Each structure stands twice: as C-alpha cells, then as structure tokens.
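Okay, my_file_6.tsv is below, TSV, C-alpha atoms:
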```
chain	number	residue	atom	x	y	z
A	187	MET	CA	57.34	21.13	0.43
A	188	SER	CA	57.38	20.68	4.19
A	189	ALA	CA	60.29	21.63	6.45
A	190	ILE	CA	60.76	17.92	7.21
A	191	ASP	CA	61.04	17.07	3.49
A	192	ASP	CA	63.59	19.89	3.18
A	193	VAL	CA	65.81	18.57	5.98
A	194	LEU	CA	65.52	15.02	4.58
A	195	ALA	CA	66.92	16.28	1.28
A	196	ALA	CA	69.73	18.00	3.20
A	197	ASN	CA	70.44	14.73	5.02
A	198	GLN	CA	71.02	12.95	1.70
A	199	THR	CA	73.78	15.44	0.92
A	200	TYR	CA	75.19	15.07	4.46
A	201	ALA	CA	75.30	11.27	4.14
A	202	GLN	CA	77.15	11.47	0.80
A	203	GLY	CA	80.09	13.18	2.47
A	204	PHE	CA	79.84	11.21	5.74
A	205	ASN	CA	83.09	9.74	7.10
A	206	LEU	CA	82.38	9.48	10.84
A	207	GLY	CA	80.96	5.96	10.86
A	208	GLN	CA	83.59	4.59	13.25
A	209	LEU	CA	83.06	6.94	16.20
A	210	PRO	CA	82.63	5.16	19.55
A	211	MET	CA	79.47	5.61	21.64
A	212	PRO	CA	81.09	7.36	24.66
A	213	PRO	CA	81.64	11.11	24.17
A	214	ALA	CA	85.33	11.84	23.49
A	215	ARG	CA	85.48	14.94	25.71
A	216	LYS	CA	83.53	13.26	28.55
A	217	LEU	CA	81.27	16.31	28.63
A	218	ALA	CA	77.49	16.54	29.09
A	219	VAL	CA	75.74	19.81	28.20
A	220	ILE	CA	72.19	20.83	29.15
A	221	ALA	CA	70.94	23.74	27.07
A	222	CYS	CA	67.74	25.41	25.96
A	223	MET	CA	66.04	24.17	22.76
A	224	ASP	CA	66.09	27.76	21.38
A	225	ALA	CA	66.74	27.92	17.63
A	226	ARG	CA	69.39	30.62	18.10
A	227	LEU	CA	71.67	28.23	20.01
A	228	THR	CA	73.62	25.92	17.75
A	229	VAL	CA	75.26	24.25	20.72
A	230	SER	CA	77.98	22.36	18.85
A	231	GLN	CA	79.10	25.54	17.09
A	232	LEU	CA	79.02	27.91	20.04
A	233	LEU	CA	81.10	25.44	22.07
A	234	GLY	CA	83.41	24.37	19.24
A	235	LEU	CA	82.29	20.74	19.60
A	236	LYS	CA	82.81	18.18	16.88
A	237	THR	CA	80.60	15.17	16.24
A	238	GLY	CA	81.32	12.48	18.85
A	239	GLU	CA	82.61	14.77	21.57
A	240	ALA	CA	79.75	15.52	23.99
A	241	HIS	CA	76.24	14.56	25.05
A	242	ILE	CA	73.84	17.40	24.38
A	243	ILE	CA	70.59	17.48	26.32
A	244	ARG	CA	68.09	20.19	25.40
A	245	ASN	CA	64.63	21.28	26.47
A	246	ALA	CA	62.55	24.44	26.82
A	247	GLY	CA	64.64	26.68	29.06
A	248	GLY	CA	67.61	24.43	29.70
A	249	ILE	CA	65.89	23.17	32.85
A	250	VAL	CA	67.18	20.33	35.04
A	251	THR	CA	63.92	18.42	34.97
A	252	GLU	CA	63.50	14.80	36.03
A	253	ASP	CA	64.08	13.91	32.38
A	254	ALA	CA	67.32	15.90	32.17
A	255	LEU	CA	68.50	14.15	35.35
A	256	ARG	CA	67.60	10.81	33.76
A	257	SER	CA	69.75	11.71	30.75
A	258	LEU	CA	72.64	12.97	32.94
A	259	ILE	CA	72.64	9.81	35.06
A	260	ILE	CA	72.79	7.63	31.94
A	261	SER	CA	75.46	9.91	30.47
A	262	HIS	CA	77.72	9.67	33.51
A	263	HIS	CA	77.13	6.13	34.75
A	264	LEU	CA	76.85	4.29	31.44
A	265	LEU	CA	78.86	6.47	29.07
A	266	GLY	CA	81.54	8.03	31.23
A	267	THR	CA	80.95	11.78	31.05
A	268	ASN	CA	82.42	13.57	34.07
A	269	GLU	CA	81.73	17.29	33.59
A	270	ILE	CA	78.32	18.95	33.37
A	271	MET	CA	77.58	22.30	31.77
A	272	ILE	CA	74.21	24.07	32.01
A	273	ILE	CA	73.40	26.78	29.45
A	274	ASN	CA	70.48	29.22	29.67
A	275	HIS	CA	70.37	32.32	27.44
A	276	THR	CA	69.25	35.91	27.14
A	277	ASP	CA	65.87	36.69	25.52
A	278	CYS	CA	64.56	33.22	26.46
A	279	GLY	CA	60.93	32.47	25.70
A	280	MET	CA	60.58	31.11	29.24
A	281	LEU	CA	60.87	34.70	30.52
A	282	THR	CA	57.79	35.77	28.53
A	283	PHE	CA	54.92	33.90	30.21
A	284	LYS	CA	53.64	32.45	33.48
A	285	ASP	CA	52.90	28.76	33.94
A	286	ASP	CA	49.33	29.38	35.12
A	287	GLU	CA	48.49	31.70	32.22
A	288	LEU	CA	49.71	29.18	29.63
A	289	ARG	CA	47.85	26.32	31.32
A	290	LYS	CA	44.58	28.29	31.33
A	291	LYS	CA	45.05	29.34	27.69
A	292	LEU	CA	45.65	25.74	26.59
A	293	GLN	CA	42.68	24.43	28.56
A	294	THR	CA	40.44	27.09	27.02
A	295	GLN	CA	41.76	26.60	23.46
A	296	THR	CA	41.55	22.81	23.50
A	297	GLY	CA	38.71	22.28	25.97
A	298	THR	CA	40.91	19.70	27.71
A	299	ALA	CA	42.79	19.74	31.01
A	300	ALA	CA	45.89	17.63	30.39
A	301	VAL	CA	47.42	15.68	33.29
A	302	ALA	CA	50.97	16.40	32.09
A	303	PRO	CA	53.11	18.44	31.93
A	304	VAL	CA	52.63	19.35	35.56
A	305	ARG	CA	54.87	22.42	35.20
A	306	PHE	CA	56.12	24.53	32.29
A	307	HIS	CA	59.12	25.91	34.24
A	308	ALA	CA	58.72	29.54	33.13
A	309	PHE	CA	61.02	31.79	35.13
A	310	THR	CA	61.63	35.49	35.79
A	311	ASN	CA	65.30	35.77	36.78
A	312	LEU	CA	67.85	34.25	34.46
A	313	GLU	CA	70.80	34.08	36.87
A	314	ALA	CA	68.68	32.71	39.69
A	315	ASN	CA	67.28	30.14	37.30
A	316	VAL	CA	70.76	28.95	36.32
A	317	ARG	CA	71.75	28.66	40.00
A	318	GLU	CA	68.63	26.64	40.70
A	319	GLN	CA	69.47	24.22	37.89
A	320	ILE	CA	73.04	23.78	39.18
A	321	GLN	CA	71.66	22.95	42.63
A	322	LYS	CA	69.23	20.41	41.23
A	323	VAL	CA	72.10	18.52	39.61
A	324	ARG	CA	74.36	18.79	42.64
A	325	SER	CA	71.71	17.59	45.05
A	326	HIS	CA	70.74	14.46	43.16
A	327	PRO	CA	71.95	11.37	45.06
A	328	TRP	CA	72.97	9.58	41.84
A	329	ILE	CA	75.25	12.39	40.59
A	330	PRO	CA	78.64	12.09	42.34
A	331	LYS	CA	79.55	15.16	44.39
A	332	HIS	CA	83.02	15.45	42.80
A	333	LEU	CA	81.68	16.08	39.26
A	334	PRO	CA	82.14	19.70	38.13
A	335	VAL	CA	78.71	21.27	37.45
A	336	ARG	CA	78.95	24.78	36.01
A	337	GLY	CA	76.24	27.13	34.74
A	338	PHE	CA	76.31	29.76	31.99
A	339	ILE	CA	74.23	32.39	30.24
A	340	TYR	CA	74.60	32.60	26.47
A	341	ASP	CA	74.04	36.07	25.04
A	342	VAL	CA	72.08	35.68	21.80
A	343	LYS	CA	73.17	39.18	20.70
A	344	SER	CA	76.93	38.65	21.08
A	345	GLY	CA	77.42	34.87	20.91
A	346	LYS	CA	79.26	34.96	24.25
A	347	LEU	CA	78.94	32.66	27.24
A	348	ALA	CA	79.15	34.16	30.75
A	349	GLU	CA	79.55	31.95	33.80
A	350	VAL	CA	77.07	32.23	36.67
A	351	SER	CA	78.73	31.88	40.07
A	352	ALA	CA	77.00	29.11	41.97
B	63	MET	CA	92.50	21.89	31.59
B	64	SER	CA	88.91	20.72	31.87
B	65	ALA	CA	86.61	20.05	28.94
B	66	ILE	CA	84.48	22.98	30.07
B	67	ASP	CA	87.48	25.35	30.03
B	68	ASP	CA	88.28	24.07	26.53
B	69	VAL	CA	84.81	24.82	25.18
B	70	LEU	CA	84.83	28.25	26.86
B	71	ALA	CA	88.01	29.08	24.96
B	72	ALA	CA	86.32	27.89	21.74
B	73	ASN	CA	83.33	30.11	22.54
B	74	GLN	CA	85.57	33.19	22.63
B	75	THR	CA	86.63	32.44	19.05
B	76	TYR	CA	83.00	31.80	18.06
B	77	ALA	CA	81.87	35.13	19.54
B	78	GLN	CA	84.60	37.04	17.66
B	79	GLY	CA	83.10	36.01	14.32
B	80	PHE	CA	79.48	36.17	15.50
B	81	ASN	CA	77.04	38.01	13.23
B	82	LEU	CA	73.69	36.42	14.11
B	83	GLY	CA	72.66	38.80	16.87
B	84	GLN	CA	69.48	39.91	15.11
B	85	LEU	CA	67.76	36.55	14.72
B	86	PRO	CA	64.16	36.46	15.97
B	87	MET	CA	63.06	34.06	18.72
B	88	PRO	CA	60.62	31.93	16.63
B	89	PRO	CA	62.34	29.23	14.55
B	90	ALA	CA	62.47	30.27	10.87
B	91	ARG	CA	61.56	26.82	9.50
B	92	LYS	CA	58.76	26.29	12.07
B	93	LEU	CA	60.26	22.89	12.85
B	94	ALA	CA	60.69	21.13	16.22
B	95	VAL	CA	63.06	18.15	16.41
B	96	ILE	CA	63.28	15.61	19.24
B	97	ALA	CA	66.51	13.59	19.08
B	98	CYS	CA	68.79	11.48	21.26
B	99	MET	CA	71.58	13.24	23.19
B	100	ASP	CA	74.13	10.87	21.61
B	101	ALA	CA	77.46	12.53	20.83
B	102	ARG	CA	77.49	11.05	17.31
B	103	LEU	CA	74.42	13.07	16.29
B	104	THR	CA	75.22	16.67	15.42
B	105	VAL	CA	71.58	17.41	14.73
B	106	SER	CA	72.03	20.75	12.99
B	107	GLN	CA	74.57	19.26	10.57
B	108	LEU	CA	72.77	16.03	9.76
B	109	LEU	CA	69.60	17.99	8.96
B	110	GLY	CA	71.31	20.91	7.23
B	111	LEU	CA	69.88	23.37	9.76
B	112	LYS	CA	71.30	26.82	10.27
B	113	THR	CA	71.23	28.78	13.53
B	114	GLY	CA	67.73	30.18	14.09
B	115	GLU	CA	65.84	27.62	12.04
B	116	ALA	CA	64.50	24.94	14.43
B	117	HIS	CA	63.90	24.00	18.03
B	118	ILE	CA	66.03	21.05	19.00
B	119	ILE	CA	64.96	18.98	22.00
B	120	ARG	CA	67.30	16.20	23.10
B	121	ASN	CA	67.43	13.57	25.82
B	122	ALA	CA	68.70	10.05	26.40
B	123	GLY	CA	67.05	8.00	23.64
B	124	GLY	CA	65.06	10.70	21.91
B	125	ILE	CA	62.08	9.80	24.11
B	126	VAL	CA	58.78	11.71	24.20
B	127	THR	CA	58.81	12.15	27.96
B	128	GLU	CA	56.61	14.56	29.89
B	129	ASP	CA	59.48	17.03	29.61
B	130	ALA	CA	59.74	16.65	25.83
B	131	LEU	CA	55.97	17.22	25.60
B	132	ARG	CA	56.37	20.34	27.76
B	133	SER	CA	58.99	21.62	25.32
B	134	LEU	CA	56.88	20.72	22.26
B	135	ILE	CA	53.80	22.46	23.65
B	136	ILE	CA	55.81	25.63	24.32
B	137	SER	CA	57.44	25.32	20.88
B	138	HIS	CA	54.12	25.10	19.04
B	139	HIS	CA	51.82	27.30	21.09
B	140	LEU	CA	54.22	30.11	22.00
B	141	LEU	CA	56.75	30.02	19.18
B	142	GLY	CA	54.80	28.79	16.18
B	143	THR	CA	56.48	25.54	15.13
B	144	ASN	CA	54.10	23.33	13.16
B	145	GLU	CA	56.02	20.19	12.20
B	146	ILE	CA	57.52	17.65	14.60
B	147	MET	CA	60.35	15.26	13.82
B	148	ILE	CA	61.48	12.45	16.15
B	149	ILE	CA	64.96	10.97	15.66
B	150	ASN	CA	66.25	7.77	17.30
B	151	HIS	CA	69.43	6.09	16.05
B	152	THR	CA	71.26	2.81	15.55
B	153	ASP	CA	73.70	1.61	18.24
B	154	CYS	CA	71.83	3.62	20.90
B	155	GLY	CA	72.98	3.24	24.50
B	156	MET	CA	69.34	2.76	25.50
B	157	LEU	CA	69.45	-0.65	23.78
B	158	THR	CA	72.27	-1.84	26.06
B	159	PHE	CA	70.63	-2.03	29.50
B	160	LYS	CA	67.40	-2.66	31.38
B	161	ASP	CA	65.77	-0.05	33.62
B	162	ASP	CA	65.66	-2.37	36.64
B	163	GLU	CA	69.31	-3.39	36.34
B	164	LEU	CA	70.49	0.22	36.19
B	165	ARG	CA	68.31	1.22	39.13
B	166	LYS	CA	69.67	-1.62	41.27
B	167	LYS	CA	73.25	-0.81	40.28
B	168	LEU	CA	72.83	2.87	41.21
B	169	GLN	CA	71.17	2.06	44.51
B	170	THR	CA	73.99	-0.33	45.38
B	171	GLN	CA	76.77	2.04	44.27
B	172	THR	CA	75.40	5.09	46.04
B	173	GLY	CA	73.54	3.48	48.92
B	174	THR	CA	70.56	5.69	48.07
B	175	ALA	CA	67.19	4.97	46.46
B	176	ALA	CA	66.37	8.13	44.48
B	177	VAL	CA	62.71	9.10	44.01
B	178	ALA	CA	63.33	10.30	40.45
B	179	PRO	CA	63.80	9.45	37.66
B	180	VAL	CA	60.93	7.00	37.84
B	181	ARG	CA	61.92	5.42	34.51
B	182	PHE	CA	65.09	5.34	32.40
B	183	HIS	CA	63.21	4.46	29.16
B	184	ALA	CA	65.62	1.78	27.97
B	185	PHE	CA	64.16	-0.10	25.01
B	186	THR	CA	64.78	-3.23	22.95
B	187	ASN	CA	63.24	-2.53	19.52
B	188	LEU	CA	64.28	0.64	17.77
B	189	GLU	CA	61.42	0.85	15.23
B	190	ALA	CA	58.80	0.03	17.85
B	191	ASN	CA	60.31	2.67	20.10
B	192	VAL	CA	60.05	5.34	17.41
B	193	ARG	CA	56.41	4.39	16.75
B	194	GLU	CA	55.66	4.63	20.46
B	195	GLN	CA	57.15	8.14	20.61
B	196	ILE	CA	55.10	9.28	17.60
B	197	GLN	CA	51.95	8.02	19.31
B	198	LYS	CA	52.78	9.83	22.55
B	199	VAL	CA	52.97	13.12	20.66
B	200	ARG	CA	49.85	12.46	18.60
B	201	SER	CA	47.76	11.48	21.58
B	202	HIS	CA	48.54	14.54	23.71
B	203	PRO	CA	45.43	16.75	23.97
B	204	TRP	CA	47.47	19.95	23.67
B	205	ILE	CA	49.20	18.97	20.39
B	206	PRO	CA	46.80	19.73	17.51
B	207	LYS	CA	45.87	16.66	15.45
B	208	HIS	CA	46.72	18.35	12.14
B	209	LEU	CA	50.45	18.81	12.96
B	210	PRO	CA	52.70	16.44	11.00
B	211	VAL	CA	54.59	14.15	13.42
B	212	ARG	CA	57.13	11.92	11.69
B	213	GLY	CA	59.70	9.51	13.11
B	214	PHE	CA	63.14	8.50	11.86
B	215	ILE	CA	66.13	6.27	12.60
B	216	TYR	CA	69.54	7.82	12.05
B	217	ASP	CA	72.24	5.33	11.05
B	218	VAL	CA	75.45	6.29	12.89
B	219	LYS	CA	77.50	4.23	10.39
B	220	SER	CA	76.18	5.89	7.23
B	221	GLY	CA	74.87	9.28	8.35
B	222	LYS	CA	71.50	8.49	6.73
B	223	LEU	CA	68.00	9.02	8.10
B	224	ALA	CA	65.32	6.40	7.41
B	225	GLU	CA	61.66	7.10	8.08
B	226	VAL	CA	59.64	4.76	10.30
B	227	SER	CA	56.10	4.27	9.09
B	228	ALA	CA	53.70	5.15	11.90
```
Written as structure tokens, how would this file's structure read?
Amino acid sequence: MSAIDDVLAANQTYAQGFNLGQLPMPPARKLAVIACMDARLTVSQLLGLKTGEAHIIRNAGGIVTEDALRSLIISHHLLGTNEIMIINHTDCGMLTFKDDELRKKLQTQTGTAAVAPVRFHAFTNLEANVREQIQKVRSHPWIPKHLPVRGFIYDVKSGKLAEVSA
Amino acid sequence: MSAIDDVLAANQTYAQGFNLGQLPMPPARKLAVIACMDARLTVSQLLGLKTGEAHIIRNAGGIVTEDALRSLIISHHLLGTNEIMIINHTDCGMLTFKDDELRKKLQTQTGTAAVAPVRFHAFTNLEANVREQIQKVRSHPWIPKHLPVRGFIYDVKSGKLAEVSA
C-alpha cells in the first residue's frame, strides 16, 4: 500500500466527521504565514491555528521566492490578510548543501541540464536568511508598507518560535 | 493584539507539551504534498498526517510553479520522498479572477508595474488545472519517471478528496 493510498483512507475518516463546510474563503485571522515544507513543522499546530484561520504558504526553506510573493499578493489583495509571518527553522535541510553542488549532482545523475529551477536557495546563516526574506517582502511594490512582516526561527528540538529582529 | 502576537502565545502552550524533538529530518512516510494555501485546508488533518511524516508545499492554487519544482527536487533527491500528491480544491480563489485584471488593478492602485510575479496562475477549470500540474511534475527532467504523481480535488463543503485521472 502506497503512502498516498494510506492518506486517502485517512481522508475518508476525516470526511465522516467533517462539519466545517460553511467556512468562508477569506482567512478569519487575516494572517498569512510563509514556512518551510519540513515534515517536523505542523504549522497549524505550532501556531494554534484552526481550519479557516490563516493562509499557509510553504516551500523548501521558507523562502520568499517570486512564487511566495505571488501567493502573498493574492492573499492580501484578494482575500484580505494584513499580517505576514515568515518561519524558518533549526536543522533545516537548506543548511546542508550548496546550490552549485546539487545542480552538478542532478545534471550528472540525470544527464540533463534543466532550465529551471534557476536557484535552490540553500543558505548558511539562519538568522541572516530570515532577515533577507523579511526584506524581500517589505521591498515588493505590491505589498503595502504598513503591513506587519515579522520573521521567526522555529526550534525543532523544543517546539519554540523565536523572533528575528529585522 | 495582533494575529501574530496571538499565535505566538499559542506557540508557548504548544512548546510546553512538546515531545517531538527527536524526529529525523527525512519525512517518515516518504510523501511530498503540493496543496493550495487556502485557510480551509488543514493539510495534515485532512490527510491524517502526523508531525514528521510528509513534506507539505503550499502556494496560491496548489500550482506546480518553478518554486514548487525546486521544493520537490530537494524533497526527493536530498530527503528521500518518493510519492507526490497534488491537491487543488473547490471554491478556490484562483477561479475568481483573471491574471490580467489583477495585474492592471495592482498597477493602478500602487502606481507601480512590478517585474515579478510574471504570472498569477488564475485558472478556470479545476480538473484541467490539476491535470496540467501533474504533467508539469512528470515532465521535469530531474523528477524520476517512476515516481507516482497523483492529483486530487478537495471538496471544502464535504472534506472529501476526489482523484483526478491524469
């Protein structure tokens, strides 16, 4: 049995007890979160968020890529979120490699030089990386300057969030 | 009190009961999920996933963008996931606008023509959109052809997932 078949069976159970069919589209807490895809972050749980309360955007690293900016712009302008939270975390896989090394390895393994992704966004300093992501949000012309944009590091050993001063 | 201050208070409670500090970095179920950022999808719950079990990648629409491919490539090649699940959903905000309209509105509101994002990835047909995302994953030269890539529509009224035939 595949992992996908397993989660489909779990979804049948979830749907049997489902009573959230009337939630509106806009997030109730007007919050947008950008976080790493890491399996050890269950974002809703570590932030105490219920279904319907926040947009959650996730990618490798919790990076403010063009795609994350796309999602944030839609989140704010079409669905009314007005606070932005960026979450990176300790022991991140993005600290374990270099973009160039991974690109060479993939080209060698597959015999193909892919056009995209242009960058993998590996990084070496967690705090500096969070600050860089905050600045990318703040400097985008379509994100209003008055929106709070705050960055955090989640400690996968303790479950605690620590704010990074911008 | 801001939404961010609220979730930080909730995180303190979460950390007090935290006992998952020894989880390894690679996802236990070797599963990578791409889903929409929509607040009505609590991905871990609707799939019955526990902390540590799967990579969860999310953006506006559940679109296989360059950034989602970046995350998937890292997920598979560095962290060993070997099944990919794409989840779009009913009543998606991406069905409610057109890329060009939003771009014009933002340019008018802000007085600035941003370079990025190049596309917003609004769509009109949910099933066709899921099929397109499956194909984008399957056609990438750095995603091995033998990996299962399956696409689904989550019904926000019923809590049920339905598979889209590729």
Protein and nucleic acid residues near (80.8, 4.2, 13.1) (cut-off 6 Å, only C-alpha atoms) as a ChimeraX atom specification: /A:206-209 /B:218-219
Neighbour residues at most 12 Å from (74.0, 2.9, 40.8) (all atoms listed in the file) as a PyMOL selection string: (chain A and resi 259-260+262-264+327-330) or (chain B and resi 161-176)
Given only C-alpha atoms as the counted atoms, nearest of B:Glu189, B:Ala101, B:Pro86, B:Leu141 to B:Gly114: B:Pro86
As JSON: centre and edge lengths in Å, one decimal, of the axis-aligned box holding stretch 276-288 of chain A with 3 Å per side:
```
{"center_x": 58.9, "center_y": 32.7, "center_z": 30.3, "size_x": 26.8, "size_y": 13.9, "size_z": 15.6}
```
Shell of 8 Å around B:Asn121, only C-alpha atoms, local chain residues under 2 positions omitted, as an NGL selection string: (:A and (242-244 or 253-254 or 257)) or (:B and (97-99 or 119 or 123-125))
Okay, now the selection with C-alpha atoms, as a short mmCIF file (atom, residue, chain, number, x, y, z; two decimals), keeping the file's coordinate frame?
```cif
data_model
loop_
_atom_site.label_atom_id
_atom_site.label_comp_id
_atom_site.auth_asym_id
_atom_site.auth_seq_id
_atom_site.Cartn_x
_atom_site.Cartn_y
_atom_site.Cartn_z
CA ILE A 242 73.84 17.40 24.38
CA ILE A 243 70.59 17.48 26.32
CA ARG A 244 68.09 20.19 25.40
CA ASP A 253 64.08 13.91 32.38
CA ALA A 254 67.32 15.90 32.17
CA SER A 257 69.75 11.71 30.75
CA ALA B 97 66.51 13.59 19.08
CA CYS B 98 68.79 11.48 21.26
CA MET B 99 71.58 13.24 23.19
CA ILE B 119 64.96 18.98 22.00
CA GLY B 123 67.05 8.00 23.64
CA GLY B 124 65.06 10.70 21.91
CA ILE B 125 62.08 9.80 24.11
#
```
Residue among A:Thr199, A:Thr310, A:Thr228, A:Gln321 lying closest to chain B, counting all atoms listed in the file: A:Thr228
From B:Thr143, B:Lys160, B:Ala77, B:His202, residue lying nearest chain A [only C-alpha atoms]: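 Of the candidates, the smallest distance to chain A is held by B:Ala77.
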Best match for closeness to chain A among B:Ala94, B:Ala71, B:Arg193, B:Ala122, counting only C-alpha atoms: B:Ala122
